[in-house]
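Okay, so here's the structure we're looking at.
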Amino acid sequence: MMCAAVAAQRGRRVVLLDHATRLAEKIRISGGGRCNFTNIGAGPANFLSQNPHFCRSALSRYTPQDFLALVKKHRIAWHEKHKGQLFCDDSSEQIIGMLRAECAAGEVSWRMPCKVGSIEKSGTGFHITAEGGDIECDSLVIATGGLSIPKIGATDLGYRIAKQFDLQIVEPRPGLVPLTFDGPSWEAFVPLAGIALEVEVSTGGSGKGKGKAQRGHFREDLLFTHRGLSGPAILQISSYWQPGTPIVLDLLPEMDVAEELISMKTTVRKQLGNVLAQWLPARLADGLLVANGFAPDARLADMADAKLRKLGDAINRWAIVPTGSEGYKKAEVTLGGVDTRELSQQTMMANKVPGLYFIGETVDVTGWLGGYNFQWAWASGHAAGTSV
């Protein structure tokens with residue numbers, strides 16, 4: 001809709017094809033129904049891609065302030081929450097209505113719901129077979145999203161179109177997704193479902209050099225679930241996590257736990273679990289003791305310094321290897337997509353297929369949790385809309 005509105009208001013004749021029966025369902029469900037429509041601090045550092053610099057051009061030419069100006073123009077009340085996240089005061093329906101109104105201002109034509117059959121290169125443009133009649137067009141923009149949340153209509157159509165035109169794809173996988181754990185090492189933590197606390201979490205490589213994994217580091221809330229870990233901290237780090245590698249949790253980032261315990265040893269006569277429960281939820285403290293081989297009634301004064309350092313490491317540097325994730329059904333975004341080396345960073349057009357554009361989540365650009373992915377949608381849509 002962003003791309004269609006921008007192109008149409010430039011005087012281009014635009015038709016928007018959508019296979020869904022309800023418009024913009026991903027906007028509708030965002031932010032608990034209030035749509036976290038951008039993040040005021042969004043910049044290239046908040047995005048993952050095999051080419052992290054690709055998004056720089058579009059993001060610099062259509063900023064969060066530009067989208068906010070559109071929101072204000074349509075008199076949508078909004079507020080800022082945690083870490084620059086902007087939400088509607090009322091409803092995500094207002095953002096959908098705003099984008100529809102912008103399309104209407106450019107007299108965009110709609111076909112919805114509309115299934116697309118085949119797409120063929122035709123002279124200088126494209127021939128599309130679709131419900132409601134075939135279409136001949138000069139430019140074709142693919143804004144079909146990724147594979148996340150299939151129940152609202154996610155498909156692989158964008159990737160299939162890219163492959164049809166011999167464009168490379170970075171292997172898609174779920175992003176911003178809860179992580180799962182199983183096996184004997186996790187048994188002590190299964191009863192902890194529902195516990196939440198603020199942590200620091202990190203993973204990945206150095207983030208330097210071609211082909212190396214970007215490194216993630218976040219301070220956010222973590223939530224224990226029946227199947228593993230979730231919450232903003234885990235959703236954020238999941239996009240950086242590589243299967244078979246650990247994530248590292250600091251459950252008490254303000255404290256060197258080992259040094260604190262050792263310093264208390266000669267003056268505190270409490271059980272170790274009771275001491276930890278001063279800083280951590282009691283059930284979590286007990287679970288950590290069991291998982292690390294401490295007796296439930298172990299007394300702090302009886303513990304050797306080496307054992308306390310081991311426990312401190314288990315709290316400040318808890319390295320655990322997820323066995324998987326909750327998959328696309330729970331993933332908020334899809335990592336990977338059309339390889340950015342195939343596209344112009346100024347226009348989003350495929351370098352070897354004039355007139356063919358890919359924008360939004362279909363492209364190998366994935367934002368952090370917190371409004372960043374919507375900002376990429378607006379910015380990449382605007383870049384293509386000003387070019388088509």
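Chain labels A, B, ... are given in the sequence in which chains occur in the structure tokens; within each chain residues are numbered consecutively from 1, and ligands are likewise numbered from 1 in the order shown.
Using only C-alpha atoms, the protein and nucleic acid residues lying no more than 8 Å from His74 in chain A, apart from those fewer than 3 places from it along its own chain, are Leu70, Val71 and Met98 of chain A.
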Inset, instruction - Using DSSP on the backbone, list every residue of range 172-223 of chain A that comes out as helix (DSSP H, G or I), and give them as a VMD selection string. - result: chain A and resid 184 to 192
Could you save the residues just selected, with all heavy atoms, as a PDB file, in the first residue's frame?
ATOM      1  N   PRO A 184      17.677 -33.840  29.184  1.00  0.00           N
ATOM      2  CA  PRO A 184      17.868 -33.878  30.640  1.00  0.00           C
ATOM      3  C   PRO A 184      18.339 -32.553  31.231  1.00  0.00           C
ATOM      4  O   PRO A 184      17.961 -32.195  32.343  1.00  0.00           O
ATOM      5  CB  PRO A 184      18.934 -34.973  30.823  1.00  0.00           C
ATOM      6  CG  PRO A 184      18.843 -35.817  29.586  1.00  0.00           C
ATOM      7  CD  PRO A 184      18.436 -34.906  28.487  1.00  0.00           C
ATOM      8  N   SER A 185      19.175 -31.822  30.493  1.00  0.00           N
ATOM      9  CA  SER A 185      19.722 -30.575  31.046  1.00  0.00           C
ATOM     10  C   SER A 185      18.658 -29.496  31.233  1.00  0.00           C
ATOM     11  O   SER A 185      18.874 -28.521  31.954  1.00  0.00           O
ATOM     12  CB  SER A 185      20.835 -30.042  30.139  1.00  0.00           C
ATOM     13  OG  SER A 185      20.313 -29.713  28.861  1.00  0.00           O
ATOM     14  N   TRP A 186      17.503 -29.655  30.588  1.00  0.00           N
ATOM     15  CA  TRP A 186      16.451 -28.651  30.689  1.00  0.00           C
ATOM     16  C   TRP A 186      15.358 -29.043  31.689  1.00  0.00           C
ATOM     17  O   TRP A 186      14.515 -28.226  32.036  1.00  0.00           O
ATOM     18  CB  TRP A 186      15.832 -28.395  29.311  1.00  0.00           C
ATOM     19  CG  TRP A 186      14.919 -27.203  29.299  1.00  0.00           C
ATOM     20  CD1 TRP A 186      13.564 -27.196  29.217  1.00  0.00           C
ATOM     21  CD2 TRP A 186      15.302 -25.830  29.428  1.00  0.00           C
ATOM     22  NE1 TRP A 186      13.074 -25.920  29.274  1.00  0.00           N
ATOM     23  CE2 TRP A 186      14.129 -25.055  29.394  1.00  0.00           C
ATOM     24  CE3 TRP A 186      16.526 -25.188  29.548  1.00  0.00           C
ATOM     25  CZ2 TRP A 186      14.137 -23.675  29.489  1.00  0.00           C
ATOM     26  CZ3 TRP A 186      16.548 -23.804  29.648  1.00  0.00           C
ATOM     27  CH2 TRP A 186      15.364 -23.062  29.623  1.00  0.00           C
ATOM     28  N   GLU A 187      15.379 -30.268  32.183  1.00  0.00           N
ATOM     29  CA  GLU A 187      14.290 -30.765  33.028  1.00  0.00           C
ATOM     30  C   GLU A 187      14.055 -29.896  34.260  1.00  0.00           C
ATOM     31  O   GLU A 187      12.917 -29.687  34.678  1.00  0.00           O
ATOM     32  CB  GLU A 187      14.563 -32.212  33.444  1.00  0.00           C
ATOM     33  CG  GLU A 187      14.374 -33.211  32.301  1.00  0.00           C
ATOM     34  CD  GLU A 187      14.751 -34.630  32.698  1.00  0.00           C
ATOM     35  OE1 GLU A 187      15.118 -34.841  33.889  1.00  0.00           O
ATOM     36  OE2 GLU A 187      14.691 -35.524  31.830  1.00  0.00           O
ATOM     37  N   ALA A 188      15.129 -29.388  34.851  1.00  0.00           N
ATOM     38  CA  ALA A 188      14.976 -28.574  36.062  1.00  0.00           C
ATOM     39  C   ALA A 188      14.250 -27.263  35.806  1.00  0.00           C
ATOM     40  O   ALA A 188      13.715 -26.646  36.744  1.00  0.00           O
ATOM     41  CB  ALA A 188      16.354 -28.276  36.668  1.00  0.00           C
ATOM     42  N   PHE A 189      14.190 -26.855  34.534  1.00  0.00           N
ATOM     43  CA  PHE A 189      13.591 -25.556  34.210  1.00  0.00           C
ATOM     44  C   PHE A 189      12.161 -25.651  33.675  1.00  0.00           C
ATOM     45  O   PHE A 189      11.483 -24.639  33.560  1.00  0.00           O
ATOM     46  CB  PHE A 189      14.491 -24.816  33.213  1.00  0.00           C
ATOM     47  CG  PHE A 189      15.890 -24.635  33.715  1.00  0.00           C
ATOM     48  CD1 PHE A 189      16.920 -25.445  33.272  1.00  0.00           C
ATOM     49  CD2 PHE A 189      16.169 -23.670  34.663  1.00  0.00           C
ATOM     50  CE1 PHE A 189      18.210 -25.291  33.753  1.00  0.00           C
ATOM     51  CE2 PHE A 189      17.457 -23.503  35.157  1.00  0.00           C
ATOM     52  CZ  PHE A 189      18.479 -24.319  34.709  1.00  0.00           C
ATOM     53  N   VAL A 190      11.711 -26.855  33.384  1.00  0.00           N
ATOM     54  CA  VAL A 190      10.346 -27.042  32.867  1.00  0.00           C
ATOM     55  C   VAL A 190       9.303 -26.485  33.837  1.00  0.00           C
ATOM     56  O   VAL A 190       8.344 -25.823  33.416  1.00  0.00           O
ATOM     57  CB  VAL A 190      10.083 -28.527  32.546  1.00  0.00           C
ATOM     58  CG1 VAL A 190       8.610 -28.739  32.190  1.00  0.00           C
ATOM     59  CG2 VAL A 190      10.984 -28.998  31.392  1.00  0.00           C
ATOM     60  N   PRO A 191       9.451 -26.691  35.167  1.00  0.00           N
ATOM     61  CA  PRO A 191       8.429 -26.170  36.090  1.00  0.00           C
ATOM     62  C   PRO A 191       8.443 -24.646  36.243  1.00  0.00           C
ATOM     63  O   PRO A 191       7.609 -24.106  36.969  1.00  0.00           O
ATOM     64  CB  PRO A 191       8.786 -26.842  37.429  1.00  0.00           C
ATOM     65  CG  PRO A 191       9.705 -27.964  37.099  1.00  0.00           C
ATOM     66  CD  PRO A 191      10.445 -27.518  35.885  1.00  0.00           C
ATOM     67  N   LEU A 192       9.375 -23.960  35.592  1.00  0.00           N
ATOM     68  CA  LEU A 192       9.519 -22.517  35.797  1.00  0.00           C
ATOM     69  C   LEU A 192       8.663 -21.685  34.840  1.00  0.00           C
ATOM     70  O   LEU A 192       8.770 -20.453  34.819  1.00  0.00           O
ATOM     71  CB  LEU A 192      10.990 -22.116  35.649  1.00  0.00           C
ATOM     72  CG  LEU A 192      11.996 -22.846  36.549  1.00  0.00           C
ATOM     73  CD1 LEU A 192      13.391 -22.260  36.369  1.00  0.00           C
ATOM     74  CD2 LEU A 192      11.576 -22.807  38.004  1.00  0.00           C
TER      75      LEU A 192
END
Inset, instruction - Would you mind listing what lies within 9 Å of range 274-282 of chain A as an NGL selection string, with only C-alpha atoms counted and same-chain residues fewer than 3 positions away left out? - result: :A and (195-197 or 251-252 or 261 or 268 or 270-271 or 285-287 or 300)
Legend entry - Test item: residues at most 9 Å from Glu171 in chain A, only C-alpha atoms, excluding those fewer than 5 positions along its chain, as a PyMOL selection string: chain A and resi 335-338
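Omitting Arg173 in chain A and its sequence neighbours fewer than 6 positions away, and counting only C-alpha atoms, the residues within 10 Å are Gly146, Leu147, Ser148, Ser239, Gly327, Tyr328, Ala331, Val333, Thr334, Leu335, Gly336 and Gly337 of chain A.
For the pair CA of Asp156 in chain A and CA of Arg13 in chain A, the separation is 26.8 Å.
For the residues A:Lys310, A:Arg317, A:Arg111, A:Arg227, ranking by smallest atom-to-atom distance to Gly183 in chain A using only C-alpha atoms places A:Arg227 first.
Across the structure, CA of Thr245 in chain A and CA of Pro174 in chain A are spaced 16.1 Å apart.
Taking only C-alpha atoms, the non-local environment of Tyr240 in chain A within 9 Å (same-chain residues fewer than 3 positions away omitted) comprises Leu48, Gly175, Ser202, Thr203, Gly204, Ala213, Gln214, Arg215, Gly216, Gln236 and Ile237 of chain A.
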Neighbours of Gly123 in chain A within 12 Å (only C-alpha atoms; same-chain residues fewer than 2 positions away dropped), as a CSV table (one decimal) with C-alpha atoms, in the first residue's frame?
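Result went into out-v5.csv, see below:
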chain,number,residue,atom,x,y,z
A,120,GLU,CA,5.8,-13.6,-17.8
A,121,LYS,CA,8.2,-11.0,-19.1
A,125,GLY,CA,7.1,-5.1,-19.2
A,126,PHE,CA,5.2,-8.0,-17.8
A,127,HIS,CA,2.1,-10.1,-18.5
A,136,GLU,CA,0.0,-5.9,-18.9
A,137,CYS,CA,2.3,-3.6,-16.9
A,138,ASP,CA,5.5,-1.7,-17.3
A,139,SER,CA,6.6,-2.3,-13.7
A,353,VAL,CA,15.2,-7.8,-14.7
A,354,PRO,CA,14.3,-4.2,-15.5
A,355,GLY,CA,10.9,-3.2,-14.1
Inset, instruction - To one decimal in Å, tell me the separation between CA of Trp368 in chain A and CA of Leu229 in chain A. - result: 17.6 Å
Inset, instruction - Taking the chain letters and numbering used in this document, name the residues of range 120-290 of chain A that DSSP puts in strand (DSSP E or B), as a ChimeraX atom specification. - result: /A:120-122,125-130,135-137,140-142,169-175,179-180,196-203,216-224,228-230,247-250,271
Please produce an output containing C-alpha atoms for each residue in the selection, written as an mmCIF file, in the first residue's frame.
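That gives us result39.cif:
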data_model
loop_
_atom_site.group_PDB
_atom_site.id
_atom_site.type_symbol
_atom_site.label_atom_id
_atom_site.label_comp_id
_atom_site.auth_asym_id
_atom_site.auth_seq_id
_atom_site.Cartn_x
_atom_site.Cartn_y
_atom_site.Cartn_z
ATOM 1 C CA GLU A 120 5.810 -13.606 -17.768
ATOM 2 C CA LYS A 121 8.227 -11.046 -19.143
ATOM 3 C CA SER A 122 6.509 -9.315 -22.032
ATOM 4 C CA GLY A 125 7.055 -5.093 -19.205
ATOM 5 C CA PHE A 126 5.156 -8.037 -17.758
ATOM 6 C CA HIS A 127 2.059 -10.107 -18.490
ATOM 7 C CA ILE A 128 0.154 -11.303 -15.410
ATOM 8 C CA THR A 129 -2.675 -13.808 -15.435
ATOM 9 C CA ALA A 130 -4.959 -13.148 -12.472
ATOM 10 C CA ILE A 135 -2.805 -7.429 -16.769
ATOM 11 C CA GLU A 136 -0.048 -5.869 -18.864
ATOM 12 C CA CYS A 137 2.274 -3.614 -16.865
ATOM 13 C CA LEU A 140 5.866 -5.113 -11.195
ATOM 14 C CA VAL A 141 6.464 -4.769 -7.443
ATOM 15 C CA ILE A 142 6.530 -7.873 -5.254
ATOM 16 C CA ILE A 169 17.549 -16.322 -2.406
ATOM 17 C CA VAL A 170 19.112 -16.230 1.062
ATOM 18 C CA GLU A 171 17.614 -19.297 2.748
ATOM 19 C CA PRO A 172 14.545 -18.174 4.742
ATOM 20 C CA ARG A 173 14.123 -19.127 8.400
ATOM 21 C CA PRO A 174 11.956 -17.964 11.308
ATOM 22 C CA GLY A 175 12.991 -14.760 13.098
ATOM 23 C CA LEU A 179 13.345 -20.812 21.300
ATOM 24 C CA THR A 180 12.765 -24.386 22.464
ATOM 25 C CA ALA A 196 9.835 -13.424 33.798
ATOM 26 C CA LEU A 197 12.857 -11.215 34.525
ATOM 27 C CA GLU A 198 15.125 -8.698 32.799
ATOM 28 C CA VAL A 199 18.335 -10.245 31.457
ATOM 29 C CA GLU A 200 21.199 -9.611 29.088
ATOM 30 C CA VAL A 201 21.465 -12.088 26.230
ATOM 31 C CA SER A 202 24.073 -12.480 23.529
ATOM 32 C CA THR A 203 25.111 -14.874 20.806
ATOM 33 C CA GLY A 216 23.483 -9.798 18.829
ATOM 34 C CA HIS A 217 23.431 -8.393 22.356
ATOM 35 C CA PHE A 218 20.253 -7.227 24.073
ATOM 36 C CA ARG A 219 18.969 -6.265 27.500
ATOM 37 C CA GLU A 220 15.296 -7.141 27.618
ATOM 38 C CA ASP A 221 12.739 -9.245 29.503
ATOM 39 C CA LEU A 222 12.954 -13.040 29.339
ATOM 40 C CA LEU A 223 10.022 -15.416 29.877
ATOM 41 C CA PHE A 224 10.202 -19.112 30.752
ATOM 42 C CA GLY A 228 11.643 -23.188 26.436
ATOM 43 C CA LEU A 229 12.266 -19.444 26.498
ATOM 44 C CA SER A 230 10.435 -16.442 25.062
ATOM 45 C CA ILE A 247 22.979 -18.308 23.572
ATOM 46 C CA VAL A 248 24.497 -16.737 26.688
ATOM 47 C CA LEU A 249 22.254 -15.321 29.420
ATOM 48 C CA ASP A 250 23.174 -12.997 32.278
ATOM 49 C CA GLN A 271 20.730 -21.334 52.908
#
